[in-house]
Structures are given as structure tokens and as C-alpha cells.
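K.L.:
If it helps, the file is called target14.cif and holds mmCIF, C-alpha atoms and all ligand atoms:
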data_query
loop_
_atom_site.label_atom_id
_atom_site.label_comp_id
_atom_site.auth_asym_id
_atom_site.auth_seq_id
_atom_site.Cartn_x
_atom_site.Cartn_y
_atom_site.Cartn_z
CA MET A 112 0.00 0.00 0.00
CA SER A 113 1.66 3.21 -1.16
CA LEU A 114 0.43 6.69 -1.85
CA GLN A 115 3.68 7.75 -3.50
CA GLY A 116 3.15 9.91 -6.58
CA ARG A 117 -0.64 10.08 -6.13
CA ASP A 118 -2.86 13.19 -6.10
CA LEU A 119 -5.50 14.05 -3.51
CA LEU A 120 -8.38 15.77 -5.29
CA ALA A 121 -11.55 14.43 -3.68
CA PRO A 122 -12.47 12.86 -0.34
CA LEU A 123 -12.81 9.30 -1.68
CA ASP A 124 -9.51 9.23 -3.59
CA PHE A 125 -7.91 7.19 -0.80
CA SER A 126 -9.27 3.95 0.61
CA ILE A 127 -10.19 3.59 4.28
CA GLU A 128 -6.98 1.56 4.76
CA GLU A 129 -4.87 4.28 3.15
CA ILE A 130 -6.49 6.88 5.39
CA ASP A 131 -5.80 4.67 8.42
CA MET A 132 -2.16 4.56 7.36
CA LEU A 133 -2.08 8.38 7.34
CA PHE A 134 -3.69 8.45 10.80
CA ARG A 135 -0.99 6.12 12.14
CA GLU A 136 1.74 8.31 10.68
CA ALA A 137 0.09 11.44 12.11
CA GLU A 138 -0.06 9.80 15.55
CA GLY A 139 3.64 8.95 15.23
CA ILE A 140 4.41 12.59 14.43
CA ILE A 141 2.31 13.84 17.35
CA ALA A 142 4.10 11.42 19.70
CA SER A 143 7.65 12.33 18.62
CA PRO A 144 7.83 15.27 16.21
CA ARG A 145 11.62 15.52 16.43
CA ASP A 146 12.01 12.18 14.70
CA TYR A 147 10.48 13.78 11.62
CA ALA A 148 12.47 17.02 11.59
CA GLU A 149 14.52 16.04 8.52
CA ALA A 150 12.09 13.68 6.78
CA CYS A 151 11.56 15.94 3.77
CA LYS A 152 14.97 17.58 3.61
CA GLY A 153 15.73 18.57 0.02
CA TYR A 154 12.08 18.59 -1.06
CA LEU A 155 10.11 21.67 -2.06
CA LEU A 156 6.36 22.26 -1.66
CA ALA A 157 4.56 24.84 -3.83
CA THR A 158 1.41 26.50 -2.50
CA LEU A 159 -0.80 28.09 -5.17
CA PHE A 160 -3.60 29.95 -3.43
CA TYR A 161 -6.03 31.75 -5.72
CA GLU A 162 -8.45 32.25 -2.79
CA PRO A 163 -7.89 33.51 0.78
CA SER A 164 -6.71 31.06 3.42
CA THR A 165 -5.23 31.10 6.89
CA ARG A 166 -5.26 27.57 8.31
CA THR A 167 -4.94 25.54 5.15
CA ARG A 168 -2.00 27.45 3.72
CA PHE A 169 -0.19 28.00 7.01
CA SER A 170 -0.71 24.41 8.10
CA PHE A 171 0.68 23.11 4.81
CA GLU A 172 3.65 25.46 5.01
CA ALA A 173 4.25 24.69 8.68
CA ALA A 174 3.93 20.97 7.90
CA MET A 175 6.61 21.10 5.19
CA LEU A 176 8.94 23.30 7.26
CA LYS A 177 8.59 20.99 10.28
CA LEU A 178 9.55 18.08 8.04
CA GLY A 179 12.74 19.91 7.09
CA GLY A 180 11.53 20.75 3.58
CA GLN A 181 11.08 24.12 1.93
CA VAL A 182 8.15 26.09 0.56
CA ILE A 183 7.46 28.48 -2.32
CA GLY A 184 4.15 29.92 -3.46
CA PHE A 185 1.68 32.76 -3.62
CA SER A 186 -1.23 33.56 -1.34
CA GLU A 187 -3.21 35.65 -3.75
CA PRO A 188 -3.42 35.43 -7.51
CA ASN A 189 -2.55 39.10 -8.06
CA ALA A 190 0.94 38.24 -6.92
CA SER A 191 1.35 35.69 -9.72
CA SER A 192 1.05 35.60 -13.52
CA ALA A 193 -2.58 34.54 -13.11
CA SER A 194 -3.22 38.29 -13.00
CA LYS A 195 -1.73 38.50 -16.51
CA GLY A 196 -4.11 35.82 -17.73
CA GLU A 197 -1.94 32.70 -17.42
CA SER A 198 -3.92 29.44 -17.34
CA ILE A 199 -3.81 27.02 -14.40
CA ALA A 200 -2.29 24.42 -16.72
CA ASP A 201 0.62 26.67 -17.67
CA THR A 202 1.16 27.81 -14.09
CA ILE A 203 1.39 24.24 -12.80
CA ARG A 204 3.67 23.17 -15.65
CA THR A 205 6.01 25.93 -14.59
CA VAL A 206 5.72 25.25 -10.88
CA GLU A 207 6.59 21.59 -11.35
CA CYS A 208 9.91 22.64 -12.85
CA TYR A 209 10.87 23.94 -9.42
CA SER A 210 9.01 21.83 -6.87
CA ASP A 211 8.23 18.25 -5.85
CA ILE A 212 4.61 18.59 -4.72
CA ALA A 213 1.93 21.26 -5.13
CA VAL A 214 -1.11 22.41 -3.18
CA ILE A 215 -3.76 24.41 -4.99
CA ARG A 216 -6.84 26.34 -3.86
CA HIS A 217 -9.05 27.91 -6.50
CA PRO A 218 -12.55 29.41 -6.69
CA LYS A 219 -13.51 27.21 -9.65
CA GLU A 220 -14.79 23.67 -9.16
CA GLY A 221 -12.43 21.18 -10.80
CA ALA A 222 -9.39 23.50 -10.88
CA ALA A 223 -7.15 21.12 -8.93
CA THR A 224 -8.20 18.26 -11.20
CA VAL A 225 -7.13 20.28 -14.25
CA ALA A 226 -3.78 20.96 -12.58
CA ALA A 227 -3.30 17.30 -11.65
CA HIS A 228 -4.02 16.27 -15.21
CA VAL A 229 -1.05 18.14 -16.63
CA ALA A 230 1.33 17.91 -13.66
CA GLY A 231 3.86 15.14 -13.15
CA ILE A 232 4.15 15.91 -9.44
CA PRO A 233 1.53 15.11 -6.77
CA VAL A 234 -1.22 17.73 -6.63
CA ILE A 235 -3.34 18.32 -3.53
CA ASN A 236 -6.72 20.04 -3.72
CA ALA A 237 -6.92 22.62 -0.93
CA GLY A 238 -10.46 23.63 -1.91
CA ASP A 239 -12.08 24.01 -5.33
CA GLY A 240 -15.00 26.43 -5.20
CA GLY A 241 -18.02 25.01 -3.39
CA HIS A 242 -17.03 21.48 -4.34
CA HIS A 243 -14.44 19.62 -2.22
CA HIS A 244 -11.78 20.17 0.44
CA PRO A 245 -10.29 16.73 1.07
CA THR A 246 -7.45 17.74 3.41
CA GLN A 247 -9.95 19.47 5.69
CA THR A 248 -11.81 16.16 5.68
CA LEU A 249 -8.68 14.25 6.72
CA THR A 250 -8.29 16.82 9.50
CA ASP A 251 -11.91 16.38 10.59
CA LEU A 252 -11.73 12.58 10.51
CA LEU A 253 -8.51 12.53 12.53
CA THR A 254 -10.04 14.89 15.09
CA ILE A 255 -13.16 12.73 15.51
CA LYS A 256 -11.13 9.53 15.67
CA ARG A 257 -8.74 10.88 18.29
CA GLN A 258 -11.63 12.03 20.46
CA LYS A 259 -14.15 9.22 19.97
CA GLY A 260 -11.76 6.35 19.33
CA SER A 261 -13.40 5.38 16.02
CA LEU A 262 -15.38 6.80 13.12
CA GLY A 263 -18.45 4.60 13.29
CA ASN A 264 -21.71 4.68 15.24
CA ILE A 265 -21.98 8.41 15.74
CA THR A 266 -24.63 11.03 15.11
CA VAL A 267 -23.16 14.01 13.32
CA GLY A 268 -24.99 17.33 13.15
CA MET A 269 -23.94 19.70 10.40
CA CYS A 270 -25.18 23.22 10.70
CA GLY A 271 -25.07 26.38 8.60
CA ASP A 272 -24.28 26.70 4.92
CA LEU A 273 -24.69 23.15 3.67
CA LYS A 274 -25.24 24.36 0.11
CA PHE A 275 -21.95 26.11 -0.57
CA GLY A 276 -19.80 24.64 2.22
CA ARG A 277 -17.22 22.42 0.54
CA THR A 278 -15.98 21.08 3.88
CA VAL A 279 -19.48 19.74 4.52
CA HIS A 280 -19.74 18.08 1.10
CA SER A 281 -16.40 16.35 1.52
CA LEU A 282 -17.00 15.28 5.12
CA ILE A 283 -20.41 13.76 4.35
CA ALA A 284 -18.93 11.73 1.48
CA ALA A 285 -16.10 10.51 3.69
CA LEU A 286 -18.24 9.61 6.73
CA LEU A 287 -20.72 7.67 4.58
CA ARG A 288 -18.08 4.95 4.26
CA TYR A 289 -18.15 4.22 8.00
CA HIS A 290 -20.70 2.04 9.72
CA GLY A 291 -23.59 3.50 11.68
CA VAL A 292 -23.05 7.19 10.98
CA ARG A 293 -26.26 9.23 11.26
CA PHE A 294 -26.56 12.77 9.92
CA VAL A 295 -28.68 15.64 11.18
CA LEU A 296 -28.49 18.41 8.59
CA VAL A 297 -29.45 21.76 10.08
CA SER A 298 -29.82 24.69 7.71
CA PRO A 299 -32.18 27.34 6.45
CA GLU A 300 -34.29 26.20 3.50
CA GLU A 301 -32.10 28.25 1.12
CA LEU A 302 -28.88 26.56 2.24
CA LYS A 303 -29.75 22.88 2.21
CA VAL A 304 -27.27 20.38 0.73
CA PRO A 305 -27.11 20.35 -3.09
CA GLU A 306 -28.91 17.63 -5.02
CA TYR A 307 -25.75 15.60 -5.71
CA VAL A 308 -25.01 15.34 -1.99
CA ARG A 309 -28.62 14.33 -1.27
CA GLU A 310 -28.15 11.63 -3.90
CA GLU A 311 -25.06 10.33 -2.06
CA LEU A 312 -27.11 10.27 1.14
CA LYS A 313 -29.98 8.35 -0.35
CA ASN A 314 -29.28 5.08 1.48
CA ALA A 315 -28.05 6.78 4.63
CA ASP A 316 -29.74 7.57 7.90
CA TYR A 317 -30.25 11.33 7.76
CA THR A 318 -32.72 14.06 8.63
CA GLU A 319 -32.98 17.65 7.45
CA THR A 320 -34.22 20.28 9.87
CA GLN A 321 -34.06 23.99 10.65
CA ASP A 322 -34.06 23.43 14.40
CA LEU A 323 -30.60 23.48 15.97
CA ALA A 324 -31.56 23.57 19.66
CA GLY A 325 -34.11 20.76 19.22
CA SER A 326 -31.54 18.54 17.48
CA MET A 327 -28.91 18.99 20.16
CA PRO A 328 -29.65 16.07 22.55
CA ASP A 329 -28.98 13.46 19.83
CA LEU A 330 -25.62 14.72 18.63
CA ASP A 331 -22.15 13.25 19.25
CA VAL A 332 -20.53 15.75 16.88
CA LEU A 333 -21.76 19.20 15.90
CA TYR A 334 -20.00 20.61 12.84
CA MET A 335 -20.75 24.34 12.59
CA THR A 336 -20.01 26.24 9.39
CA ARG A 337 -19.95 29.84 8.24
CA VAL A 338 -22.30 31.12 5.54
CA GLN A 339 -20.04 31.26 2.46
CA LYS A 340 -20.36 34.93 1.60
CA GLU A 341 -18.08 34.70 -1.45
CA ARG A 342 -20.36 32.18 -3.18
CA PHE A 343 -23.49 34.38 -3.03
CA PHE A 344 -24.74 36.28 -6.04
CA ASN A 345 -26.08 39.17 -4.00
CA GLU A 346 -25.23 40.72 -0.65
CA GLU A 347 -28.88 40.97 0.41
CA ASP A 348 -29.39 37.18 0.46
CA TYR A 349 -26.18 36.75 2.44
CA VAL A 350 -27.15 39.35 5.04
CA LYS A 351 -30.53 37.70 5.47
CA LEU A 352 -29.01 34.29 6.23
CA LYS A 353 -25.67 34.96 7.85
CA ASP A 354 -26.71 35.01 11.51
CA ARG A 355 -29.44 32.37 11.35
CA TYR A 356 -27.53 29.96 13.61
CA ILE A 357 -25.44 31.13 16.51
CA LEU A 358 -24.26 28.44 18.90
CA ASP A 359 -24.13 29.74 22.47
CA MET A 360 -24.11 28.21 25.94
CA ALA A 361 -27.91 28.36 26.17
CA LYS A 362 -28.27 26.17 23.07
CA LEU A 363 -25.78 23.70 24.53
CA GLU A 364 -27.91 23.17 27.63
CA ASN A 365 -29.40 19.92 26.33
CA ALA A 366 -26.26 18.69 24.56
CA LYS A 367 -24.37 15.55 25.53
CA SER A 368 -21.51 15.99 27.97
CA ASP A 369 -19.14 14.46 25.42
CA LEU A 370 -20.42 16.36 22.37
CA MET A 371 -17.60 17.46 20.06
CA ILE A 372 -18.10 20.99 18.73
CA MET A 373 -16.19 21.34 15.49
CA HIS A 374 -15.76 24.09 12.89
CA PRO A 375 -13.36 24.21 9.94
CA LEU A 376 -12.84 27.93 10.71
CA PRO A 377 -12.83 30.82 10.00
CA ARG A 378 -15.77 31.52 12.27
CA VAL A 379 -17.78 34.69 11.74
CA ASN A 380 -20.71 34.70 14.19
CA GLU A 381 -21.81 31.07 14.24
CA ILE A 382 -20.16 30.17 17.55
CA ALA A 383 -20.33 32.67 20.40
CA PRO A 384 -16.89 33.26 21.97
CA GLU A 385 -18.30 32.11 25.35
CA VAL A 386 -18.30 28.55 23.95
CA ASP A 387 -14.52 28.60 23.46
CA LYS A 388 -13.81 27.76 27.08
CA ASP A 389 -16.19 24.81 27.15
CA SER A 390 -14.27 21.52 27.14
CA ARG A 391 -16.42 20.33 24.23
CA ALA A 392 -15.03 23.06 21.92
CA MET A 393 -12.69 21.22 19.55
CA TYR A 394 -12.15 23.72 16.75
CA PHE A 395 -8.69 24.88 17.72
CA PRO A 396 -7.36 21.36 18.42
CA GLN A 397 -8.95 20.49 15.05
CA ALA A 398 -6.86 23.21 13.35
CA LYS A 399 -3.74 21.79 15.00
CA ASN A 400 -4.55 18.26 13.84
CA GLY A 401 -4.68 19.74 10.34
CA MET A 402 -0.95 20.35 10.43
CA TYR A 403 -0.13 16.81 11.63
CA ILE A 404 -2.28 15.08 9.04
CA ARG A 405 -0.80 17.28 6.31
CA MET A 406 2.69 16.29 7.46
CA ALA A 407 1.67 12.64 7.11
CA LEU A 408 0.10 13.35 3.71
CA ILE A 409 3.13 15.16 2.28
CA MET A 410 5.42 12.32 3.41
CA ALA A 411 3.13 9.69 1.89
CA LEU A 412 2.77 11.42 -1.49
CA LEU A 413 6.52 11.98 -1.69
CA GLY A 414 7.17 8.38 -0.66
CA VAL A 415 9.27 9.45 2.31
CA THR A 416 9.60 7.34 5.45
CA VAL A 417 11.52 7.81 8.69
C1 LIG A 501 -12.88 26.31 4.94
C2 LIG A 501 -12.78 26.46 3.44
O1 LIG A 501 -11.88 27.14 2.94
O2 LIG A 501 -13.62 25.85 2.78
N1 LIG A 501 -11.78 26.84 5.62
C3 LIG A 501 -10.70 26.03 5.84
O3 LIG A 501 -10.03 25.63 4.93
N2 LIG A 501 -10.46 25.65 7.10
C4 LIG A 501 -14.17 26.78 5.51
C5 LIG A 501 -14.62 28.19 5.22
O4 LIG A 501 -13.93 28.96 4.56
O5 LIG A 501 -15.69 28.52 5.70
#
Represent the structure contained in this file as C-alpha cells.
Ligand code: NCD

P.N.:
Amino acid sequence: MSLQGRDLLAPLDFSIEEIDMLFREAEGIIASPRDYAEACKGYLLATLFYEPSTRTRFSFEAAMLKLGGQVIGFSEPNASSASKGESIADTIRTVECYSDIAVIRHPKEGAATVAAHVAGIPVINAGDGGHHHPTQTLTDLLTIKRQKGSLGNITVGMCGDLKFGRTVHSLIAALLRYHGVRFVLVSPEELKVPEYVREELKNADYTETQDLAGSMPDLDVLYMTRVQKERFFNEEDYVKLKDRYILDMAKLENAKSDLMIMHPLPRVNEIAPEVDKDSRAMYFPQAKNGMYIRMALIMALLGVTV
């Protein structure tokens, strides 16, 4: 079983066994990070970010630097030849002349797939429009597994923008492969999951509701998301929906004592800051796990072992 030379474009690209292998590597890194300090010495990671990012880009860059490798890239397209009209295909062909592995985030669905098609180096999708975000999914799965011990037999609430939220689309697809996962999809009517996701859910145990507080007692995991302002056609619709769900301590009153509150971040208003000190708040540990799983991923795609 080897992931060497592969791309990661969508949440089902790797088998459950391959994902388990990444989890084991990530746990090894968490246990003794110093053993990995030179694992990727001599390798270069390119980060091509055509959309804003804090966690994804920094965690990839931190991951490569902590493995002893180096990083080049841009964090906004105006700083690259994209602003002159260069195609993604030409940009990646150039980038692969200088680097060993590339991470790409782009507002258009399928952009990373186009890049992977022409590139000879591994390409990682760090978010393509409202479509997929598979490394966030690896982060989310690792976080749930570390906390709950396994990925089966859990009830997962997903709340907020289920229409445009790519982290939601990817996480649903990934969790559907595990046994006994139930979904409670909480959103305003306008932001329900797209038809293709509902199709994937057709044989699953799921409910759709607008009632967050009423759903709370059943949940083992609550995955909050921000309303994806940048995917709206007009500001008015966004303003109308943006504060529909705000998780606060009052809403948590009937929640389980071992509920995991997750969020891919950035948060806008969907989780009140008072929740941060509750022991069930997992969103910052989740962000940290993102770096460890990306370290494991980079090593695997480069075929590096320690
Ligand atoms: C998410 C994204 O970019 O889709 N952020 C992230 O990578 N952690 C979620 C979001 O932007 O709302």
C-alpha cells in the first residue's frame, strides 16, 4: 500500500486503509515530532492559493517546514502571472519545474483536477470552489477519531451553509463509508445540501431540519459552518441568512456531555466566543490536527519514510 506519486483531489480518492495509514503516521508525528524534523529535507512544496486562506495554507507550510523541507508559493493570484491571464495548466507546468509537490486552492470547481491532469508531481486540492476540500476532511476525521476512538456509530450534526460549504460536502462523502453514521443536517431552506449530496445520502440515515436547539440532545458531533459569503450572487441574500444559527451556551444546555463541537474555521458569528472555554469546543485542536495530518500526507505522497 503506497500513496507515492498520487494526487489528492476528492475525499474518496484514498481507501479507508490508506487513510488509516495516514492516521498512524500522524499519531507517530504527534508522539515524537523531532524524529520527523529532517524527513523531507531537500524537497520543495509549492502552495498556489487563488483564494484567501489562513489555516490551510499556514498548516501546509508549517507541515513542510517541520519536516525539514522548503516552501514556495503565492497567497493571492494578483501576486502571480494569473493576474496576466496565465492558465492554471501553464502555471502548474512551470511550478513543477521547481518543486516536488503542489497544493492548490481555487474558486472554480475542478481547478485542482485540471492541474493534476497536466502535472507530473503530486497535486493536492486545498479547496475548489463550493465542491471539495479533502485535506480538511482528513483533518476532521482525525479529530473525531482521536476524540471518539473510532469513526463509526456516531450522530453528526452539520449546521449552517450546507449548500456552498465544501468542507461539509467532503466530510459527508467521507463519513458515509463508515458504519452506523447518522446525519442531522441543520440549515435554512435556502442553504440545504445540493442535489448531488442528497443523492449520495440516499441510502443513509439522515434528517434535514431547521431546528438546531431541538436537534442537540442526539448529537455526538456538531460541525458548525460559516455562511459562504463569497459564493453568493447578491449581498442581500447573504445578510438575510448569515446570523441564522449562533451556537451559544444556552443552546448547549441539552447537549451531551461528550459532544464534540467542530468548525473548519474561519468563524464569523456562528459560535459565540463564550463557547470557546467549554471543554467540548474542539475547533482549535482540530486546526492543529490539520498540520499533523498534512505532514503525514506530504510524506506519503513523496514516498518518504523515517
Ligand atoms: C474552509 C474552506 O476554505 O472551505 N476553511 C478552511 O479551509 N479551514 C471553511 C470556510 O472557509 O468557511

K.L.:
Select, from A:Asn345, A:Asn365, A:Thr224, A:Asn380, the residue with the minimum atom-to-atom distance to Asp329 of chain A, counting all atoms listed in the file.

P.N.:
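Residue with the minimum atom-to-atom distance to Asp329 of chain A: A:Asn365.
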
K.L.:
Could you list, as a VMD selection string, all protein and nucleic acid residues with an atom at most 6 Å from ligand LIG 501 (chain A), counting all atoms listed in the file?

P.N.:
chain A and resid 166 to 167 277 to 278 337 375 to 377

K.L.:
Find the residue from A:Gln247, A:Gln397, A:Thr158, A:Ser192 that sits nearest to Ile212 of chain A; use all atoms listed in the file when measuring.

P.N.:
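Between A:Gln247, A:Gln397, A:Thr158, A:Ser192, the residue approaching Ile212 of chain A most closely is A:Thr158.
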
K.L.:
Name all residues at most 8 Å from Thr266 of chain A (count all atoms listed in the file; drop same-chain ones fewer than 3 positions away) and give them as an MDAnalysis selection string.

P.N.:
chainID A and resid 292:295 329:332

K.L.:
Print the selection's residues with C-alpha atoms to a file, as a short mmCIF file (atom, residue, chain, number, x, y, z; two decimals), keeping the file's coordinate frame.

P.N.:
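Writing the result to result01.cif gives the following:
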data_model
loop_
_atom_site.label_atom_id
_atom_site.label_comp_id
_atom_site.auth_asym_id
_atom_site.auth_seq_id
_atom_site.Cartn_x
_atom_site.Cartn_y
_atom_site.Cartn_z
CA VAL A 292 -23.05 7.19 10.98
CA ARG A 293 -26.26 9.23 11.26
CA PHE A 294 -26.56 12.77 9.92
CA VAL A 295 -28.68 15.64 11.18
CA ASP A 329 -28.98 13.46 19.83
CA LEU A 330 -25.62 14.72 18.63
CA ASP A 331 -22.15 13.25 19.25
CA VAL A 332 -20.53 15.75 16.88
#

K.L.:
Report, as lines of an AutoDock Vina configuration file, the centre and edge lengths in Å (one decimal) of the axis-aligned box enclosing every listed atom of segment 382-388 of chain A, padded by 8 Å on each side.

P.N.:
center_x = -17.1
center_y = 30.5
center_z = 22.3
size_x = 22.5
size_y = 21.5
size_z = 25.5

K.L.:
When distances are computed from all atoms listed in the file, which of A:Leu119, A:Val304, A:Leu133, A:Leu252 shows the smallest separation from Val279 of chain A?

P.N.:
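For Val279 of chain A, the nearest of the candidates is A:Val304.
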
K.L.:
Could you give me, as JSON, numbers by chain, the residues within 12 Å of segment 312-318 of chain A, counting all atoms listed in the file and dropping anything in the same chain fewer than 4 positions from it?

P.N.:
{"A": [264, 265, 266, 267, 268, 269, 280, 282, 283, 284, 285, 286, 287, 288, 289, 290, 291, 292, 293, 294, 295, 296, 297, 298, 303, 304, 305, 306, 307, 308, 322, 326, 329]}

K.L.:
Just the number, please: distance in Å from atom CA of Ile409 of chain A to atom CA of Ser198 of chain A, one decimal.

P.N.:
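Atom-to-atom, atom CA of Ile409 of chain A to atom CA of Ser198 of chain A, that is 25.3 Å.
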
K.L.:
Would you work out the distance separating atom CA of Ala230 of chain A from atom CA of Gly184 of chain A, expressed in Å to one decimal?

P.N.:
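Computed distance, atom CA of Ala230 of chain A to atom CA of Gly184 of chain A, equals 16.0 Å.
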
K.L.:
Might you pull out every residue within 12 Å of segment 215-222 of chain A, with all atoms listed in the file counted and same-chain residues fewer than 5 positions away left off, and present them as a PyMOL selection string?

P.N.:
chain A and resi 118-121+156-165+167-168+171+184-188+193+198-200+202-203+206+227-230+233-246+275+277+339+341-342

K.L.:
Write out as a ChimeraX atom specification each polymer residue whose atoms come within 12 Å of Arg378 of chain A, counting only C-alpha atoms; drop sequence neighbours fewer than 2 positions from it.

P.N.:
/A:165-166,271,334-339,353-354,356-358,373-376,380-384,387,394-395

K.L.:
May I ask for the distance between atom CA of Pro122 of chain A and atom CA of Gly231 of chain A, given in Å to one decimal place?

P.N.:
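Taking atom CA of Pro122 of chain A as the start and atom CA of Gly231 of chain A as the end point, the length is 20.9 Å.
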
K.L.:
Show me, as a tab-separated table (two decimals) with C-alpha atoms, in the coordinates of the input, the residues that have an atom within 6 Å of Arg391 of chain A when counting all atoms listed in the file, minus same-chain residues fewer than 4 positions from it.

P.N.:
chain	number	residue	atom	x	y	z
A	370	LEU	CA	-20.42	16.36	22.37
A	371	MET	CA	-17.60	17.46	20.06
A	372	ILE	CA	-18.10	20.99	18.73

K.L.:
Out of A:Ala174, A:Ala392, A:Leu114, A:Leu262, which residue has the shortest atom-to-atom distance to Ile141 of chain A when counting only C-alpha atoms?

P.N.:
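Among the listed residues, A:Ala174 lies closest to Ile141 of chain A.
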
K.L.:
Hey, which of A:Leu352, A:Ala142, A:Ile183, A:Ile255 ends up closest to Pro299 of chain A? Count only C-alpha atoms.

P.N.:
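Under the stated criterion, the closest residue is A:Leu352.
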